[in-house]
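> Quick one: the structure is below, questions incoming.
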Amino acid sequence: MTQTQRTIPLIDTHAHLNLEDFEPDLENLITRSRRGVMPEVKGRDLNDPLFRPFLAAAVCPAVDLQTSRRALDLAKRYPFLFAACGVHPNHLEALQFDEWEEIKAIVREEVQVPCENRRLVALGETGLDRYWDVVPFYEQLNFFLDTIDLASELRLPIIIHSRDANDDLDAVICNRYPIASPTDPPVGVVHSFTGTPEQGARWIERGFYLGFGGFVTYENKKYAHIWETAKQTPNDRFLLETDCPFLTPHPLRGKLERNEPLTTVFVAKRLALLRDSSIEEIANLACQNARRLFNLPCRDALPEDF
């Protein structure tokens, strides 16, 4: 790090480091991310001379039983990684009944760990998906409602996936979650937000955070409703995420083969522009919000080996 660079902590609240895509070089990727070394893109140096973002923490959501186990394993190996367990709606087709029972057993065991030492911080990801249409919608909905009940019972935040199903999600949230009071604990996050500003406002008033990732950085006007929501979201209700290895943000879309946690900085830059703020303020607010929602420890200082 040069003397003129400013360090910026980032918390990626949706990083699928538990997927096979990261197995070949996971250790190297984590080391780079912690030290603030950006991924290589042919012909372009992504490291900024003015500031050096580094990965302060990441939440690793699951898509099935295997990735639930893997998320917990990573969280127990790395003190700055945290796990969420659950089943993605598009993975329900292959889910066996005993696998969901095993996930629930794992979750119930993990919530017995004192909060300050707990590696499981949420249920998910779960939700609704009409885009791929690989699982009958009624099955997705029933499973989603079951997961909501479990999250409520165990007082865990829930990580919600919604693709081409925001109207359906809106109906579920407005039916299942009352308008929250200022003293109520947060209930979860709608990750990779793609809804309307009106939907975002309703979900926020019912205790949800909005997770902004690659979509908010895309410049096509079909994403204007996401830009507008990002402008309007209160300071205490937005999160930064990558959904890596998916949804690579602009300007790396089509150039970076695999998205990774440190590209959260491009989401932070975009929100700073939309909200007429600084990247430092956006990153710091997002870190505070992530710690509040997921009850993460305060570890925004540079890693010792930085």
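Identifiers in this document derive from the order of the structure tokens: chains are assigned A, B, ..., residues are numbered from 1 separately in each chain, and ligands are numbered from 1 in order of occurrence.
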Residues near stretch 175-191 of chain A, anyone? I mean within 9 Å using only C-alpha atoms, not counting same-chain ones fewer than 2 positions away, as a ChimeraX atom specification.

/A:13-14,122-123,125,145,148,151-152,155-162,170-173,193-194,200,202-213,238-239,241,243,292-294

> Would you write out those residues with C-alpha atoms, as a compact mmCIF listing (two decimals), in the first residue's frame?


```
# COMPACT_ATOMS: atom_id res chain seq x y z
CA THR A 13 -23.02 -10.00 2.03
CA HIS A 14 -23.58 -12.58 -0.71
CA ALA A 122 -28.68 -16.50 8.47
CA LEU A 123 -30.97 -18.89 6.62
CA GLU A 125 -30.65 -18.36 0.23
CA LEU A 145 -42.93 -20.29 3.53
CA ILE A 148 -39.71 -18.22 6.69
CA ALA A 151 -36.23 -18.27 10.45
CA SER A 152 -38.94 -16.76 12.63
CA ARG A 155 -34.79 -15.68 15.18
CA LEU A 156 -32.37 -15.82 12.29
CA PRO A 157 -32.21 -13.34 9.41
CA ILE A 158 -33.37 -14.71 6.06
CA ILE A 159 -31.62 -14.18 2.70
CA ILE A 160 -34.20 -13.97 -0.08
CA HIS A 161 -33.71 -14.66 -3.79
CA SER A 162 -36.27 -13.24 -6.21
CA ASP A 170 -44.28 -8.62 -2.49
CA ALA A 171 -47.47 -10.53 -1.70
CA VAL A 172 -45.61 -12.93 0.61
CA ILE A 173 -43.75 -10.19 2.48
CA PHE A 193 -32.52 -6.33 -5.58
CA THR A 194 -34.46 -5.93 -8.85
CA GLY A 200 -38.37 -1.70 -1.93
CA ARG A 202 -42.66 -1.71 1.47
CA TRP A 203 -40.04 -4.36 2.19
CA ILE A 204 -37.93 -1.92 4.16
CA GLU A 205 -40.86 -0.89 6.36
CA ARG A 206 -41.38 -4.57 7.15
CA GLY A 207 -37.85 -5.02 8.45
CA PHE A 208 -35.86 -5.96 5.36
CA TYR A 209 -32.60 -4.66 3.96
CA LEU A 210 -31.97 -4.35 0.22
CA GLY A 211 -28.86 -5.96 -1.24
CA PHE A 212 -27.35 -4.19 -4.24
CA GLY A 213 -24.97 -5.99 -6.57
CA PHE A 238 -28.67 -1.05 2.05
CA LEU A 239 -26.05 -3.76 1.71
CA GLU A 241 -22.88 -7.79 -2.47
CA ASP A 243 -23.37 -12.86 -5.76
CA ARG A 292 -26.37 -5.06 12.39
CA LEU A 293 -28.36 -7.50 10.24
CA PHE A 294 -26.09 -10.52 10.62
```

> Within 8 Å of A:His88, counting only C-alpha atoms, which residues show up once you throw out same-chain ones fewer than 3 positions away? Write them as number ranges by chain, please.

A: 62-64, 91-92, 124-127, 161

> By how many Å are atom CA of A:Asn220 and atom CA of A:Asp236 apart?

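Answer for the atom CA of A:Asn220 to atom CA of A:Asp236 separation: 27.2 Å.
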
> Between A:Arg6, A:Arg130, A:Arg35, A:Arg118, single out the one closest to A:Glu280, counting only C-alpha atoms.

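Selected residue with least distance to A:Glu280: A:Arg6.
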
> Between A:Thr7, A:Ala201, A:Glu110, A:Ala94, which one has atoms that come closest to A:Pro49, using only C-alpha atoms?

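Between A:Thr7, A:Ala201, A:Glu110, A:Ala94, the residue approaching A:Pro49 most closely is A:Thr7.
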
> Need the shell around A:Thr248: protein/DNA/RNA residues with any atom at most 7 Å away, counting only C-alpha atoms. Skip same-chain ones fewer than 2 positions apart. Format as a list in words?

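My list of contacting residues is Gly214, Phe246, His250, Leu252, Arg253 and Asn259 of chain A.
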
> Go through A:Leu46, A:Ala57, A:Phe22, A:Arg237 and flag the residue nearest A:Pro9, using only C-alpha atoms for the distances.

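Residue with the minimum atom-to-atom distance to A:Pro9: A:Ala57.
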